[in-house]
file protein20.pdb (PDB, C-alpha atoms)
ATOM      1  CA  MET A   1     100.721  56.273  97.947
ATOM      2  CA  GLU A   2      99.860  56.674  94.248
ATOM      3  CA  LYS A   3      97.040  59.070  95.169
ATOM      4  CA  GLU A   4      99.468  61.232  97.183
ATOM      5  CA  LYS A   5     101.892  61.401  94.264
ATOM      6  CA  ASN A   6      99.178  62.731  91.939
ATOM      7  CA  GLN A   7      97.900  65.363  94.335
ATOM      8  CA  GLU A   8      98.309  68.907  93.112
ATOM      9  CA  SER A   9      99.605  71.465  95.606
ATOM     10  CA  PHE A  10      97.575  74.610  96.243
ATOM     11  CA  GLU A  11     100.512  76.642  94.956
ATOM     12  CA  ALA A  12     100.504  74.713  91.660
ATOM     13  CA  PHE A  13      96.742  75.189  91.463
ATOM     14  CA  ILE A  14      96.842  78.999  91.733
ATOM     15  CA  LYS A  15      99.867  79.274  89.451
ATOM     16  CA  SER A  16      98.036  77.262  86.783
ATOM     17  CA  PHE A  17      95.796  80.276  86.090
ATOM     18  CA  PHE A  18      98.874  82.142  84.795
ATOM     19  CA  TYR A  19      99.439  80.611  81.348
ATOM     20  CA  GLY A  20      99.132  77.086  82.733
ATOM     21  CA  LYS A  21      96.596  74.311  82.446
ATOM     22  CA  ARG A  22      93.831  76.555  83.853
ATOM     23  CA  THR A  23      94.791  79.754  82.034
ATOM     24  CA  ASP A  24      92.299  82.496  82.834
ATOM     25  CA  LEU A  25      93.560  85.990  82.120
ATOM     26  CA  SER A  26      91.034  87.566  84.500
ATOM     27  CA  PHE A  27      92.440  85.455  87.335
ATOM     28  CA  LYS A  28      96.109  85.208  86.413
ATOM     29  CA  PHE A  29      96.726  87.632  89.314
ATOM     30  CA  LEU A  30      96.212  84.671  91.680
ATOM     31  CA  SER A  31      99.781  83.606  90.933
ATOM     32  CA  GLU A  32     101.005  86.933  92.342
ATOM     33  CA  LEU A  33      99.295  86.480  95.715
ATOM     34  CA  ALA A  34     100.794  84.865  98.805
ATOM     35  CA  LEU A  35      99.282  81.403  99.318
ATOM     36  CA  GLU A  36      97.334  82.512 102.376
ATOM     37  CA  ASP A  37      95.964  85.563 100.552
ATOM     38  CA  ALA A  38      94.983  83.447  97.543
ATOM     39  CA  SER A  39      93.130  80.946  99.725
ATOM     40  CA  THR A  40      91.339  83.782 101.562
ATOM     41  CA  PHE A  41      90.388  85.343  98.215
ATOM     42  CA  ILE A  42      88.866  82.115  96.902
ATOM     43  CA  GLN A  43      87.043  81.455 100.173
ATOM     44  CA  ASN A  44      85.608  84.989 100.220
ATOM     45  CA  LEU A  45      84.663  84.779  96.538
ATOM     46  CA  PHE A  46      82.584  81.650  97.206
ATOM     47  CA  LYS A  47      80.870  83.445 100.081
ATOM     48  CA  ASP A  48      80.226  86.510  97.914
ATOM     49  CA  ILE A  49      78.711  84.403  95.139
ATOM     50  CA  ILE A  50      76.072  83.095  97.539
ATOM     51  CA  ASP A  51      75.446  86.582  98.966
ATOM     52  CA  SER A  52      75.106  88.033  95.464
ATOM     53  CA  LEU A  53      72.558  85.346  94.542
ATOM     54  CA  ASP A  54      70.605  85.940  97.751
ATOM     55  CA  ASP A  55      70.719  89.712  97.388
ATOM     56  CA  LYS A  56      70.429  89.767  93.585
ATOM     57  CA  ASP A  57      73.441  92.088  93.588
ATOM     58  CA  LEU A  58      76.376  91.091  91.380
ATOM     59  CA  SER A  59      78.389  94.119  92.457
ATOM     60  CA  ILE A  60      79.469  92.131  95.518
ATOM     61  CA  VAL A  61      81.272  89.629  93.295
ATOM     62  CA  LYS A  62      82.689  92.335  91.040
ATOM     63  CA  GLN A  63      84.080  94.204  94.039
ATOM     64  CA  ARG A  64      85.755  91.051  95.380
ATOM     65  CA  ILE A  65      87.436  90.288  92.038
ATOM     66  CA  LEU A  66      88.435  93.934  91.639
ATOM     67  CA  GLN A  67      90.128  93.939  95.052
ATOM     68  CA  GLY A  68      91.892  90.682  94.170
ATOM     69  CA  GLN A  69      93.216  92.146  90.923
ATOM     70  CA  ILE A  70      94.394  95.296  92.718
ATOM     71  CA  GLU A  71      96.150  93.193  95.359
ATOM     72  CA  GLY A  72      97.709  90.923  92.745
ATOM     73  CA  TYR A  73      99.134  93.772  90.694
ATOM     74  CA  LYS A  74     100.212  96.137  93.437
ATOM     75  CA  GLU A  75     103.838  94.967  93.576
ATOM     76  CA  GLN A  76     104.311  94.889  89.807
ATOM     77  CA  LYS A  77     106.909  97.454  88.784
ATOM     78  CA  ASN A  78     108.089  96.559  85.302
ATOM     79  CA  PHE A  79     109.554  99.967  84.510
ATOM     80  CA  GLU A  80     110.517 102.619  87.010
ATOM     81  CA  TYR A  81     111.410 106.225  86.184
ATOM     82  CA  ASP A  82     112.251 109.004  88.634
ATOM     83  CA  ASP A  83     110.801 111.637  86.348
ATOM     84  CA  GLY A  84     109.030 112.025  83.045
ATOM     85  CA  PRO A  85     107.812 114.595  80.546
ATOM     86  CA  PHE A  86     104.677 116.660  81.085
ATOM     87  CA  HIS A  87     103.497 118.792  78.188
ATOM     88  CA  PRO A  88     101.251 121.545  79.558
ATOM     89  CA  PHE A  89      97.845 121.551  77.942
ATOM     90  CA  LYS A  90      96.622 125.090  77.517
ATOM     91  CA  LYS A  91      93.910 125.054  74.854
ATOM     92  CA  PRO A  92      90.198 124.913  75.608
ATOM     93  CA  LEU A  93      88.924 121.386  75.152
ATOM     94  CA  SER A  94      86.247 122.589  72.744
ATOM     95  CA  SER A  95      88.913 123.650  70.218
ATOM     96  CA  ILE A  96      91.206 120.637  70.099
ATOM     97  CA  LYS A  97      91.935 117.746  67.743
ATOM     98  CA  LEU A  98      92.113 114.338  69.418
ATOM     99  CA  SER A  99      93.064 110.790  68.558
ATOM    100  CA  LEU A 100      92.806 107.415  70.289
ATOM    101  CA  LEU A 101      95.466 104.760  70.764
ATOM    102  CA  THR A 102      94.943 101.593  72.785
ATOM    103  CA  SER A 103      96.989  98.484  73.534
ATOM    104  CA  SER A 104      93.846  96.360  73.314
ATOM    105  CA  GLY A 105      94.754  94.478  70.130
ATOM    106  CA  HIS A 106      91.815  95.613  67.970
ATOM    107  CA  PHE A 107      92.012  95.544  64.186
ATOM    108  CA  LEU A 108      89.687  95.758  61.228
ATOM    109  CA  LYS A 109      88.373  92.646  59.486
ATOM    110  CA  GLY A 110      90.502  92.033  56.383
ATOM    111  CA  HIS A 111      93.473  93.850  57.940
ATOM    112  CA  ASP A 112      94.893  91.152  60.184
ATOM    113  CA  PRO A 113      98.319  92.341  61.415
ATOM    114  CA  LYS A 114      99.384  88.657  61.177
ATOM    115  CA  PRO A 115     101.343  88.501  64.441
ATOM    116  CA  LEU A 116     104.341  86.160  64.392
ATOM    117  CA  GLY A 117     103.631  85.739  60.665
ATOM    118  CA  VAL A 118     100.387  83.855  61.304
ATOM    119  CA  GLU A 119      97.189  84.887  59.546
ATOM    120  CA  ASN A 120      93.888  84.358  61.373
ATOM    121  CA  MET A 121      95.667  83.380  64.574
ATOM    122  CA  SER A 122      93.129  82.234  67.147
ATOM    123  CA  GLN A 123      92.891  83.901  70.541
ATOM    124  CA  GLY A 124      93.873  80.569  72.069
ATOM    125  CA  GLU A 125      97.093  80.425  70.044
ATOM    126  CA  ALA A 126      97.868  84.057  70.920
ATOM    127  CA  VAL A 127      97.579  83.232  74.620
ATOM    128  CA  ARG A 128      99.656  80.065  74.287
ATOM    129  CA  ARG A 129     102.384  82.029  72.465
ATOM    130  CA  VAL A 130     102.466  85.009  74.843
ATOM    131  CA  PHE A 131     106.215  84.647  75.390
ATOM    132  CA  ASP A 132     106.792  84.813  71.608
ATOM    133  CA  PHE A 133     104.684  87.990  71.492
ATOM    134  CA  LEU A 134     106.883  89.495  74.216
ATOM    135  CA  LYS A 135     109.884  89.259  71.862
ATOM    136  CA  GLU A 136     108.099  90.877  68.907
ATOM    137  CA  GLU A 137     107.913  94.441  67.685
ATOM    138  CA  PRO A 138     104.323  95.746  68.006
ATOM    139  CA  GLN A 139     102.276  96.544  64.899
ATOM    140  CA  LEU A 140      99.887  99.460  64.786
ATOM    141  CA  SER A 141      96.428  98.826  63.330
ATOM    142  CA  LYS A 142      94.435 101.779  62.084
ATOM    143  CA  ILE A 143      90.679 101.716  62.458
ATOM    144  CA  PRO A 144      88.474 104.456  60.965
ATOM    145  CA  PHE A 145      86.317 106.151  63.602
ATOM    146  CA  ASP A 146      83.255 105.486  61.450
ATOM    147  CA  SER A 147      83.814 101.708  61.407
ATOM    148  CA  ASN A 148      80.924  99.399  62.194
ATOM    149  CA  PRO A 149      81.724  97.545  65.452
ATOM    150  CA  LYS A 150      80.786  94.317  63.661
ATOM    151  CA  ASP A 151      83.846  94.858  61.441
ATOM    152  CA  LEU A 152      86.234  94.997  64.383
ATOM    153  CA  MET A 153      88.291  92.048  65.568
ATOM    154  CA  VAL A 154      90.307  91.690  68.748
ATOM    155  CA  ARG A 155      93.110  89.318  69.685
ATOM    156  CA  HIS A 156      95.527  89.698  72.589
ATOM    157  CA  SER A 157      97.803  87.382  74.484
ATOM    158  CA  GLY A 158      97.708  89.335  77.735
ATOM    159  CA  TYR A 159      94.125  89.974  78.816
ATOM    160  CA  ASP A 160      90.656  88.468  78.888
ATOM    161  CA  ILE A 161      89.075  89.717  75.648
ATOM    162  CA  ARG A 162      85.547  88.408  76.322
ATOM    163  CA  ALA A 163      84.090  91.845  77.111
ATOM    164  CA  ALA A 164      85.951  93.461  74.195
ATOM    165  CA  LEU A 165      84.477  90.847  71.846
ATOM    166  CA  LYS A 166      80.978  91.884  72.894
ATOM    167  CA  ASP A 167      81.607  95.629  72.802
ATOM    168  CA  PRO A 168      84.946  97.081  71.619
ATOM    169  CA  ASN A 169      84.261 100.287  73.560
ATOM    170  CA  VAL A 170      85.170  98.641  76.884
ATOM    171  CA  SER A 171      88.854  98.953  75.948
ATOM    172  CA  PHE A 172      88.778 100.750  72.575
ATOM    173  CA  PRO A 173      86.229 103.552  73.133
ATOM    174  CA  TYR A 174      86.160 104.794  69.555
ATOM    175  CA  GLN A 175      82.376 105.181  69.331
ATOM    176  CA  ARG A 176      82.260 107.057  72.634
ATOM    177  CA  MET A 177      84.860 109.498  71.278
ATOM    178  CA  VAL A 178      82.619 110.141  68.280
ATOM    179  CA  ASN A 179      79.686 110.684  70.685
ATOM    180  CA  LEU A 180      81.624 113.343  72.606
ATOM    181  CA  LYS A 181      82.832 115.048  69.442
ATOM    182  CA  ASP A 182      79.251 115.182  68.194
ATOM    183  CA  GLN A 183      78.238 116.749  71.512
ATOM    184  CA  GLY A 184      80.834 119.479  70.941
ATOM    185  CA  VAL A 185      83.026 118.466  73.893
ATOM    186  CA  PHE A 186      86.043 118.751  71.581
ATOM    187  CA  ALA A 187      86.420 119.957  68.007
ATOM    188  CA  GLU A 188      87.964 117.290  65.842
ATOM    189  CA  LEU A 189      89.041 113.664  65.585
ATOM    190  CA  THR A 190      91.671 112.097  63.372
ATOM    191  CA  SER A 191      90.170 109.907  60.634
ATOM    192  CA  ASN A 192      91.488 106.772  62.296
ATOM    193  CA  ALA A 193      91.885 105.411  65.790
ATOM    194  CA  TYR A 194      94.841 103.116  66.518
ATOM    195  CA  SER A 195      95.439  99.883  68.386
ATOM    196  CA  PHE A 196      98.235  97.399  68.995
ATOM    197  CA  VAL A 197      98.948  94.388  71.174
ATOM    198  CA  GLY A 198     100.546  95.742  74.321
ATOM    199  CA  ALA A 199     102.137  92.393  75.138
ATOM    200  CA  CYS A 200     105.225  93.034  72.990
ATOM    201  CA  SER A 201     108.955  93.640  73.260
ATOM    202  CA  GLN A 202     109.330  96.806  75.295
ATOM    203  CA  ILE A 203     112.884  97.293  74.057
ATOM    204  CA  ARG A 204     111.821  97.100  70.387
ATOM    205  CA  LEU A 205     108.883  99.390  71.140
ATOM    206  CA  LEU A 206     111.177 101.968  72.732
ATOM    207  CA  LYS A 207     114.110 101.773  70.342
ATOM    208  CA  LYS A 208     112.511 100.939  67.004
ATOM    209  CA  THR A 209     108.757 101.494  66.870
ATOM    210  CA  LEU A 210     107.897 104.546  68.936
ATOM    211  CA  PRO A 211     109.771 107.210  66.944
ATOM    212  CA  GLY A 212     107.691 106.364  63.864
ATOM    213  CA  TRP A 213     104.443 106.401  65.835
ATOM    214  CA  VAL A 214     105.292 109.784  67.329
ATOM    215  CA  ASP A 215     106.058 111.187  63.864
ATOM    216  CA  LYS A 216     102.673 109.922  62.678
ATOM    217  CA  PHE A 217     100.786 111.770  65.427
ATOM    218  CA  VAL A 218     102.863 114.921  64.866
ATOM    219  CA  ASP A 219     101.964 114.759  61.155
ATOM    220  CA  LEU A 220      98.286 114.310  62.057
ATOM    221  CA  GLY A 221      98.429 117.623  63.930
ATOM    222  CA  VAL A 222      96.748 116.321  67.075
ATOM    223  CA  ASP A 223      96.694 118.337  70.282
ATOM    224  CA  ALA A 224      96.249 115.300  72.488
ATOM    225  CA  VAL A 225      95.844 111.521  72.421
ATOM    226  CA  VAL A 226      93.597 109.377  74.617
ATOM    227  CA  LEU A 227      95.523 106.251  75.600
ATOM    228  CA  VAL A 228      94.035 103.058  77.000
ATOM    229  CA  PRO A 229      96.190 100.208  78.354
ATOM    230  CA  VAL A 230      94.681  96.796  79.088
TER     231      VAL A 230
ATOM    232  CA  MET B   1     103.669  98.841  80.316
ATOM    233  CA  SER B   2     103.583  99.686  76.593
ATOM    234  CA  VAL B   3     101.074 102.536  76.828
ATOM    235  CA  GLY B   4     103.185 104.256  79.481
ATOM    236  CA  HIS B   5     106.095 104.339  77.045
ATOM    237  CA  VAL B   6     103.812 105.709  74.325
ATOM    238  CA  ALA B   7     102.615 108.476  76.664
ATOM    239  CA  ARG B   8     106.144 109.468  77.590
ATOM    240  CA  ALA B   9     107.249 109.591  73.933
ATOM    241  CA  LEU B  10     104.241 111.666  72.846
ATOM    242  CA  GLU B  11     104.681 114.141  75.702
ATOM    243  CA  GLU B  12     108.348 114.537  74.724
ATOM    244  CA  ALA B  13     107.045 115.516  71.265
ATOM    245  CA  LYS B  14     104.721 118.107  72.853
ATOM    246  CA  ILE B  15     101.557 116.086  72.360
ATOM    247  CA  ALA B  16      99.490 115.893  75.537
ATOM    248  CA  THR B  17      98.187 112.518  76.669
ATOM    249  CA  ILE B  18      95.535 111.199  79.004
ATOM    250  CA  ILE B  19      95.567 107.549  80.064
ATOM    251  CA  ILE B  20      92.432 105.677  81.133
ATOM    252  CA  ALA B  21      93.516 102.603  83.116
ATOM    253  CA  VAL B  22      92.014 100.136  85.552
ATOM    254  CA  LYS B  23      92.792 100.715  89.222
ATOM    255  CA  ALA B  24      94.852  97.499  89.327
ATOM    256  CA  PHE B  25      97.488  99.252  87.170
ATOM    257  CA  GLU B  26      98.018 102.077  89.678
ATOM    258  CA  THR B  27     101.471 100.940  90.820
ATOM    259  CA  ARG B  28     102.683 100.519  87.242
ATOM    260  CA  MET B  29     101.370 103.964  86.333
ATOM    261  CA  ARG B  30     102.981 105.647  89.333
ATOM    262  CA  MET B  31     106.331 103.926  88.742
ATOM    263  CA  MET B  32     106.442 105.274  85.167
ATOM    264  CA  SER B  33     106.004 108.913  86.235
ATOM    265  CA  LEU B  34     103.223 109.511  83.739
ATOM    266  CA  PRO B  35     101.579 112.869  82.983
ATOM    267  CA  ARG B  36      97.826 112.306  83.430
ATOM    268  CA  VAL B  37      96.103 109.099  84.453
ATOM    269  CA  LEU B  38      92.461 108.403  85.261
ATOM    270  CA  LEU B  39      92.079 105.174  87.265
ATOM    271  CA  THR B  40      88.747 103.414  86.939
ATOM    272  CA  PRO B  41      87.258 100.914  89.427
ATOM    273  CA  GLN B  42      86.726  98.354  86.687
ATOM    274  CA  LEU B  43      87.903  94.802  86.047
ATOM    275  CA  LEU B  44      90.990  94.054  83.964
ATOM    276  CA  GLY B  45      90.250  94.255  80.248
ATOM    277  CA  ARG B  46      87.302  96.615  80.785
ATOM    278  CA  PRO B  47      88.800 100.007  81.714
ATOM    279  CA  LEU B  48      85.649 101.787  80.509
ATOM    280  CA  GLY B  49      83.242  99.422  82.243
ATOM    281  CA  SER B  50      80.929  96.656  81.185
ATOM    282  CA  PRO B  51      79.918  95.962  77.562
ATOM    283  CA  PHE B  52      77.163  98.209  76.200
ATOM    284  CA  ASP B  53      77.118 100.461  79.293
ATOM    285  CA  GLU B  54      77.249 103.453  76.988
ATOM    286  CA  LYS B  55      76.382 106.013  79.663
ATOM    287  CA  LEU B  56      79.224 104.905  81.942
ATOM    288  CA  GLN B  57      81.679 104.757  79.037
ATOM    289  CA  ILE B  58      80.816 108.336  78.114
ATOM    290  CA  ARG B  59      81.062 109.511  81.731
ATOM    291  CA  ILE B  60      84.512 107.934  82.108
ATOM    292  CA  LEU B  61      85.754 109.380  78.813
ATOM    293  CA  ASN B  62      84.346 112.776  79.718
ATOM    294  CA  ALA B  63      86.093 112.654  83.117
ATOM    295  CA  ALA B  64      89.338 111.802  81.350
ATOM    296  CA  LEU B  65      89.001 114.788  79.029
ATOM    297  CA  GLN B  66      88.236 117.077  81.958
ATOM    298  CA  LEU B  67      91.428 115.852  83.615
ATOM    299  CA  LEU B  68      93.323 116.494  80.376
ATOM    300  CA  GLU B  69      92.081 120.067  80.335
ATOM    301  CA  LYS B  70      92.528 120.880  84.016
ATOM    302  CA  ALA B  71      95.689 119.105  85.197
ATOM    303  CA  ASP B  72      98.520 121.625  85.425
ATOM    304  CA  ARG B  73     100.984 119.058  86.744
ATOM    305  CA  LYS B  74     101.370 115.291  86.728
ATOM    306  CA  THR B  75      98.148 113.862  88.089
ATOM    307  CA  ILE B  76      96.867 110.391  88.854
ATOM    308  CA  GLN B  77      93.198 110.587  89.752
ATOM    309  CA  ASP B  78      90.581 108.026  90.714
ATOM    310  CA  TYR B  79      87.330 108.010  88.765
ATOM    311  CA  CYS B  80      84.489 108.082  91.273
TER     312      CYS B  80
END

call {"tool": "encode", "arguments": {"input": "protein20.pdb", "output": "structure tokens"}}
result
Amino acid sequence: MEKEKNQESFEAFIKSFFYGKRTDLSFKFLSELALEDASTFIQNLFKDIIDSLDDKDLSIVKQRILQGQIEGYKEQKNFEYDDGPFHPFKKPLSSIKLSLLTSSGHFLKGHDPKPLGVENMSQGEAVRRVFDFLKEEPQLSKIPFDSNPKDLMVRHSGYDIRAALKDPNVSFPYQRMVNLKDQGVFAELTSNAYSFVGACSQIRLLKKTLPGWVDKFVDLGVDAVVLVPV
Amino acid sequence: MSVGHVARALEEAKIATIIIAVKAFETRMRMMSLPRVLLTPQLLGRPLGSPFDEKLQIRILNAALQLLEKADRKTIQDYC
């Protein structure tokens, strides 16, 4: 009887990956799947792990997780607009000035944006306080394009930052932009790239923050901005 | 989707934008009626691929810039 009382349901198990006792931001999509689909995903993932070991081909596992993430996010419609602006781009690429803005949460060592008033907040605390982040106005960090990647930090309450910790270019491709400028693909970069934590108050972003950010890019005289959500 | 709002605001100000997003965000991108989006078959948190895969990162960024230059209407395109 006692054993039955302590048993965890499968539903509670998969929901625990979404900011619960098993938080894993790469697998938080499990909570969005129907129970049957989640159980099929896990069963197939186990099978794929064995196949990938036998075949020495990790792409099998990657493909399975990718399909799971696509399935988990396909019904998510946070904001819906019937129409939106499209500014025609008419200049040759080789003549333009570009900048980079990502929602990956990168910042430069010594320039901690101190989210929620906390300096040196750990990634773990950021994840635990995700719902506080969602009430906050986002802060823009500027990062010179010539920064050493060892001087970059990343912290974000909404996604798995492990790859970004190893190489910022997976979500903040600032060095790759320099590579393409040096190859002559486009003419010029702004001095700085920009990043913020995308898990923030959308209302504050829209009403309070964005006008200032737009003015900044207008003042910088950019033709276009590369944007990367995470 | 914060970046979607940024894209819409910049385009209103006559600054063109190109978004590089993982395929899992396709529905969100389509719902926001965004100008130019390149969807990559990569895992969440790694829209430009695995760490230190410099060649792939450059190919994806290059594809995004080509889309920026060529799209004459709202376009959501898969990176292949």

call {"tool": "atom_distance", "arguments": {"input": "protein20.pdb", "atom1": "atom CA of B:Leu48", "atom2": "atom CA of A:Phe172"}}
result
8.6 Å

call {"tool": "closest_residue", "arguments": {"input": "protein20.pdb", "among": "A:Glu36, A:Asp160, A:Glu136, A:Glu8", "to": "chain B", "atoms": "only C-alpha atoms"}}
result
A:Asp160

call {"tool": "resolve_selection", "arguments": {"input": "protein20.pdb", "expression": "the ChimeraX specification (/B :<6) & /A", "output": "PyMOL selection string"}}
result
chain A and resi 66+69-70+73-74+77+80-81+83-87+159-160+163+167+170-171+176+198+214+223-230

call {"tool": "atom_distance", "arguments": {"input": "protein20.pdb", "atom1": "atom CA of A:Phe13", "atom2": "atom CA of A:Ala164"}}
result
27.4 Å

call {"tool": "atom_distance", "arguments": {"input": "protein20.pdb", "atom1": "atom CA of A:Ala126", "atom2": "atom CA of A:Arg204"}}
result
19.1 Å

call {"tool": "build_atoms", "arguments": {"input": "protein20.pdb", "residues": "stretch 43-54 of chain A", "atoms": "N, CA and C atoms", "output": "tab-separated table (two decimals), keeping the file's coordinate frame"}}
result
chain	number	residue	atom	x	y	z
A	43	GLN	N	88.07	81.71	99.16
A	43	GLN	CA	87.04	81.46	100.17
A	43	GLN	C	86.02	82.59	100.20
A	44	ASN	N	86.52	83.83	100.19
A	44	ASN	CA	85.61	84.99	100.22
A	44	ASN	C	84.78	85.10	98.94
A	45	LEU	N	85.39	84.71	97.81
A	45	LEU	CA	84.66	84.78	96.54
A	45	LEU	C	83.47	83.82	96.56
A	46	PHE	N	83.70	82.61	97.09
A	46	PHE	CA	82.58	81.65	97.21
A	46	PHE	C	81.47	82.24	98.07
A	47	LYS	N	81.86	82.85	99.17
A	47	LYS	CA	80.87	83.44	100.08
A	47	LYS	C	80.11	84.57	99.36
A	48	ASP	N	80.85	85.38	98.61
A	48	ASP	CA	80.23	86.51	97.91
A	48	ASP	C	79.27	86.04	96.82
A	49	ILE	N	79.61	84.92	96.19
A	49	ILE	CA	78.71	84.40	95.14
A	49	ILE	C	77.34	84.08	95.74
A	50	ILE	N	77.35	83.43	96.89
A	50	ILE	CA	76.07	83.10	97.54
A	50	ILE	C	75.34	84.37	97.96
A	51	ASP	N	76.08	85.31	98.55
A	51	ASP	CA	75.45	86.58	98.97
A	51	ASP	C	74.86	87.30	97.76
A	52	SER	N	75.59	87.30	96.65
A	52	SER	CA	75.11	88.03	95.46
A	52	SER	C	73.84	87.38	94.90
A	53	LEU	N	73.77	86.04	95.01
A	53	LEU	CA	72.56	85.35	94.54
A	53	LEU	C	71.38	85.66	95.47
A	54	ASP	N	71.67	85.64	96.78
A	54	ASP	CA	70.60	85.94	97.75
A	54	ASP	C	70.10	87.37	97.59
